[in-house]
Amino acid sequence: MIEKLAIVAIGGNSLIEDPADPGIARQWDAARRTCRNIAEMIADGWHVIVTHGNGPQVGYIVRRGEIAAREGIHDVPLDLVVADTQGSIGYMLSQALDNSLRRLGMNRTVASVVTQVRVDPDDPAFQNPTKPIGAFMTEEEARKYADQGWDVMEDAGRGWRRVVASPKPLAIQEINAIQALMLSGYVVVACGGGGVPVVRNEYGSLRGVYAVIDKDRSSALLAQTLRADLLIISTGVEKVCLDYNTPHQRDLDTITMQEAVQYMQEGHFAKGSMLPKIEAAVDFVQTGGPRAIITNPANLRRALHGETGTHIVPGFGGGAD
């Protein structure tokens with residue numbers, strides 16, 4: 001029986017450390033660094049399922065398709081783009097994690113599962129796109145693309161980005177396969193990019209939809225379903241902050257679920273950026289999860305030992321920041 005199960009959610013942006021240099025070689029470097037930290041978790045006795053974001057990568061593929069369409073090459077629907085990134089990023093993480101585990105003397109098989117996640121076709125998110133994809137832009141560039149039909153929004157003070165619908169995940173279609181692999185001792189990469197968003201049509205058949213599911217929310221759903229001991233959301237900052245990017249900025253260490261909800265209600269966390277991460281952490285703890293941690297890849301191991309990161313725990317007050 002698996003004693004300690006952690007779902008580790010890696011942000012798509014954390015695989016692109018320098019937006020000015022987002023090439024594949026740099027993404028490989030970031031994946032290898034991140035996987036070294038995950039391998040150390042596994043060596044410490046954790047059983048790990050890895051999830052990952054894909055926002056920047058999806059945006060690049062969509063833009064590439066728009067450019068190629070001028071030459072008569074067919075467009076690629078967004079659900080297939082999400083599946084494409086599940087394959088490519090899953091491949092990178094699987095290879096990098098296999099290599100890191102072998103360097104630690106561990107012979108474990110890493111399996112990446114192309115995952116579909118069911119959403120509600122009537123989810124109001126389809127009428128209110130908020131999920132950023134692609135590269136950061138200036139406001140002038142964003143307005144230009146808005147004139148071409150894009151939905152755009154300012155992203156947490158970091159620049160402007162294209163946005164698409166981000167419906168709530170309801171069910172993970174391949175959950176039985178993921179669980180079977182986990183129980184057989186495999187290290188699993190699943191729910192990449194939040195999963196390929198699908199709905200059931202009037203005949204009960206699955207069909208893809210034009211959306212990108214937030215990977216943190218799918219990761220929380222995965223953690224809830226498998227009754228994980230820990231949800232770790234790996235992002236670009238060591239700790240969550242209040243009054244981010246202001247003179248009054250302050251780090252959060254350990255906070256209760258109630259405090260996290262209060263800070264959300266006060267508007268401290270940006271939509272499409274930190275807010276979904278806090279919401280996912282709260283969802284996990286609220287449904288019985290013992291603890292969620294938000295930190296950056298370099299500090300995964302230190303956060304596990306309570307030395308850094310923001311820890312969200314059950315309770316109604318008494319946290320420290």
# chains A, B, ... in the order shown; residues from 1 in each chain; ligands from 1
call {"tool": "residues_around", "arguments": {"residues": "segment 202-209 of chain A", "least_positions_apart": "4", "cutoff": "7 Å", "atoms": "only C-alpha atoms", "output": "PyMOL selection string"}}
result
chain A and resi 79+197-198
call {"tool": "residues_around", "arguments": {"residues": "Ala292 of chain A", "least_positions_apart": "6", "cutoff": "6 Å", "atoms": "only C-alpha atoms", "output": "ChimeraX atom specification"}}
result
/A:230-232,281,311-312
call {"tool": "write_last_selection", "arguments": {"atoms": "N, CA, C and O atoms", "output": "PDB file, in the first residue's frame"}}
result
ATOM      1  N   LEU A 230      -0.720  14.978  -0.215  1.00  0.00           N
ATOM      2  CA  LEU A 230      -0.148  16.309  -0.421  1.00  0.00           C
ATOM      3  C   LEU A 230      -0.387  16.762  -1.855  1.00  0.00           C
ATOM      4  O   LEU A 230      -0.258  15.969  -2.790  1.00  0.00           O
ATOM      5  N   LEU A 231      -0.722  18.022  -1.994  1.00  0.00           N
ATOM      6  CA  LEU A 231      -0.778  18.675  -3.302  1.00  0.00           C
ATOM      7  C   LEU A 231       0.284  19.762  -3.309  1.00  0.00           C
ATOM      8  O   LEU A 231       0.260  20.672  -2.479  1.00  0.00           O
ATOM      9  N   ILE A 232       1.230  19.647  -4.230  1.00  0.00           N
ATOM     10  CA  ILE A 232       2.264  20.671  -4.382  1.00  0.00           C
ATOM     11  C   ILE A 232       2.043  21.377  -5.710  1.00  0.00           C
ATOM     12  O   ILE A 232       1.998  20.729  -6.763  1.00  0.00           O
ATOM     13  N   ALA A 281      -5.667  24.845  -4.042  1.00  0.00           N
ATOM     14  CA  ALA A 281      -5.184  24.432  -2.725  1.00  0.00           C
ATOM     15  C   ALA A 281      -6.334  24.377  -1.721  1.00  0.00           C
ATOM     16  O   ALA A 281      -6.458  23.422  -0.936  1.00  0.00           O
ATOM     17  N   HIS A 311       2.268  27.170   2.836  1.00  0.00           N
ATOM     18  CA  HIS A 311       1.560  25.953   3.211  1.00  0.00           C
ATOM     19  C   HIS A 311       0.121  26.316   3.565  1.00  0.00           C
ATOM     20  O   HIS A 311      -0.114  27.193   4.410  1.00  0.00           O
ATOM     21  N   ILE A 312      -0.830  25.662   2.907  1.00  0.00           N
ATOM     22  CA  ILE A 312      -2.247  25.865   3.209  1.00  0.00           C
ATOM     23  C   ILE A 312      -2.732  24.629   3.950  1.00  0.00           C
ATOM     24  O   ILE A 312      -2.622  23.507   3.442  1.00  0.00           O
TER      25      ILE A 312
END
call {"tool": "closest_residue", "arguments": {"among": "A:Gln262, A:Gln249, A:Thr109, A:Asn54", "to": "Leu15 of chain A", "atoms": "only C-alpha atoms"}}
result
A:Asn54
call {"tool": "atom_distance", "arguments": {"atom1": "atom CA of Phe136 of chain A", "atom2": "atom CA of Gly55 of chain A"}}
result
11.0 Å
call {"tool": "closest_residue", "arguments": {"among": "A:Lys131, A:Arg64, A:Arg162, A:His74", "to": "Ala146 of chain A", "atoms": "only C-alpha atoms"}}
result
A:Arg162
call {"tool": "atom_distance", "arguments": {"atom1": "atom CA of Ala83 of chain A", "atom2": "atom CA of Ala142 of chain A"}}
result
26.3 Å
call {"tool": "closest_residue", "arguments": {"among": "A:Val240, A:Ala298, A:Val152, A:Ile175", "to": "Ser14 of chain A", "atoms": "only C-alpha atoms"}}
result
A:Ala298
call {"tool": "closest_residue", "arguments": {"among": "A:Gly105, A:Gly90, A:Gly309, A:Pro276", "to": "Glu40 of chain A", "atoms": "only C-alpha atoms"}}
result
A:Gly105
call {"tool": "residues_around", "arguments": {"residues": "Asn37 of chain A", "least_positions_apart": "6", "cutoff": "9 Å", "atoms": "only C-alpha atoms", "output": "count of residues only"}}
result
6
call {"tool": "closest_residue", "arguments": {"among": "A:Gln179, A:Thr254, A:Asn201, A:Gln27", "to": "Ala223 of chain A", "atoms": "only C-alpha atoms"}}
result
A:Gln179
call {"tool": "residues_around", "arguments": {"residues": "Gln173 of chain A", "least_positions_apart": "4", "cutoff": "7 Å", "atoms": "only C-alpha atoms", "output": "ChimeraX atom specification"}}
result
/A:115-118
call {"tool": "residues_around", "arguments": {"residues": "Ala111 of chain A", "least_positions_apart": "2", "cutoff": "10 Å", "atoms": "only C-alpha atoms", "output": "list in words"}}
result
Ile49, Gly90, Tyr91, Leu93, Ser94, Gln95, Asp98, Arg108, Thr109, Val113, Val114, Ile178, Leu181, Met182, Tyr186, Val187, Val188, Val189 and Ala190 of chain A
call {"tool": "write_last_selection", "arguments": {"atoms": "C-alpha atoms", "output": "PDB file, in the first residue's frame"}}
result
ATOM      1  CA  ILE A  49       2.128  11.811  -9.838  1.00  0.00           C
ATOM      2  CA  GLY A  90       5.007  14.629 -21.048  1.00  0.00           C
ATOM      3  CA  TYR A  91       7.852  13.206 -23.137  1.00  0.00           C
ATOM      4  CA  LEU A  93       9.288  15.239 -18.193  1.00  0.00           C
ATOM      5  CA  SER A  94       9.300  11.445 -18.562  1.00  0.00           C
ATOM      6  CA  GLN A  95      12.784  11.399 -20.054  1.00  0.00           C
ATOM      7  CA  ASP A  98      13.912   8.772 -15.778  1.00  0.00           C
ATOM      8  CA  ARG A 108      11.530   3.270 -11.915  1.00  0.00           C
ATOM      9  CA  THR A 109       9.427   3.443 -15.059  1.00  0.00           C
ATOM     10  CA  VAL A 113      -0.893   9.376 -19.913  1.00  0.00           C
ATOM     11  CA  VAL A 114      -2.773  11.465 -22.467  1.00  0.00           C
ATOM     12  CA  ILE A 178      -3.772   6.452 -13.737  1.00  0.00           C
ATOM     13  CA  LEU A 181      -0.270   2.563 -13.003  1.00  0.00           C
ATOM     14  CA  MET A 182       0.309   4.278  -9.662  1.00  0.00           C
ATOM     15  CA  TYR A 186       4.957   3.584 -11.982  1.00  0.00           C
ATOM     16  CA  VAL A 187       5.741   7.277 -11.733  1.00  0.00           C
ATOM     17  CA  VAL A 188       2.894   8.835 -13.701  1.00  0.00           C
ATOM     18  CA  VAL A 189       2.655  12.071 -15.675  1.00  0.00           C
ATOM     19  CA  ALA A 190      -1.026  12.883 -16.180  1.00  0.00           C
TER      20      ALA A 190
END
call {"tool": "residues_around", "arguments": {"residues": "Asp216 of chain A", "least_positions_apart": "4", "cutoff": "7 Å", "atoms": "only C-alpha atoms", "output": "PyMOL selection string"}}
result
chain A and resi 9+220+276-277+280
call {"tool": "write_last_selection", "arguments": {"atoms": "N, CA and C atoms", "output": "short mmCIF file (atom, residue, chain, number, x, y, z; two decimals), in the first residue's frame"}}
result
data_model
loop_
_atom_site.label_atom_id
_atom_site.label_comp_id
_atom_site.auth_asym_id
_atom_site.auth_seq_id
_atom_site.Cartn_x
_atom_site.Cartn_y
_atom_site.Cartn_z
N ALA A 9 2.21 19.58 -9.26
CA ALA A 9 1.75 20.32 -10.43
C ALA A 9 2.80 21.33 -10.85
N ALA A 220 -5.95 19.44 -8.36
CA ALA A 220 -6.69 19.31 -7.10
C ALA A 220 -7.74 18.21 -7.21
N PRO A 276 -6.06 30.87 -9.33
CA PRO A 276 -6.42 29.45 -9.50
C PRO A 276 -5.59 28.52 -8.61
N LYS A 277 -4.36 28.90 -8.31
CA LYS A 277 -3.52 28.07 -7.46
C LYS A 277 -4.05 28.05 -6.02
N ALA A 280 -7.28 26.06 -5.99
CA ALA A 280 -7.02 24.62 -6.05
C ALA A 280 -6.56 24.09 -4.70
#
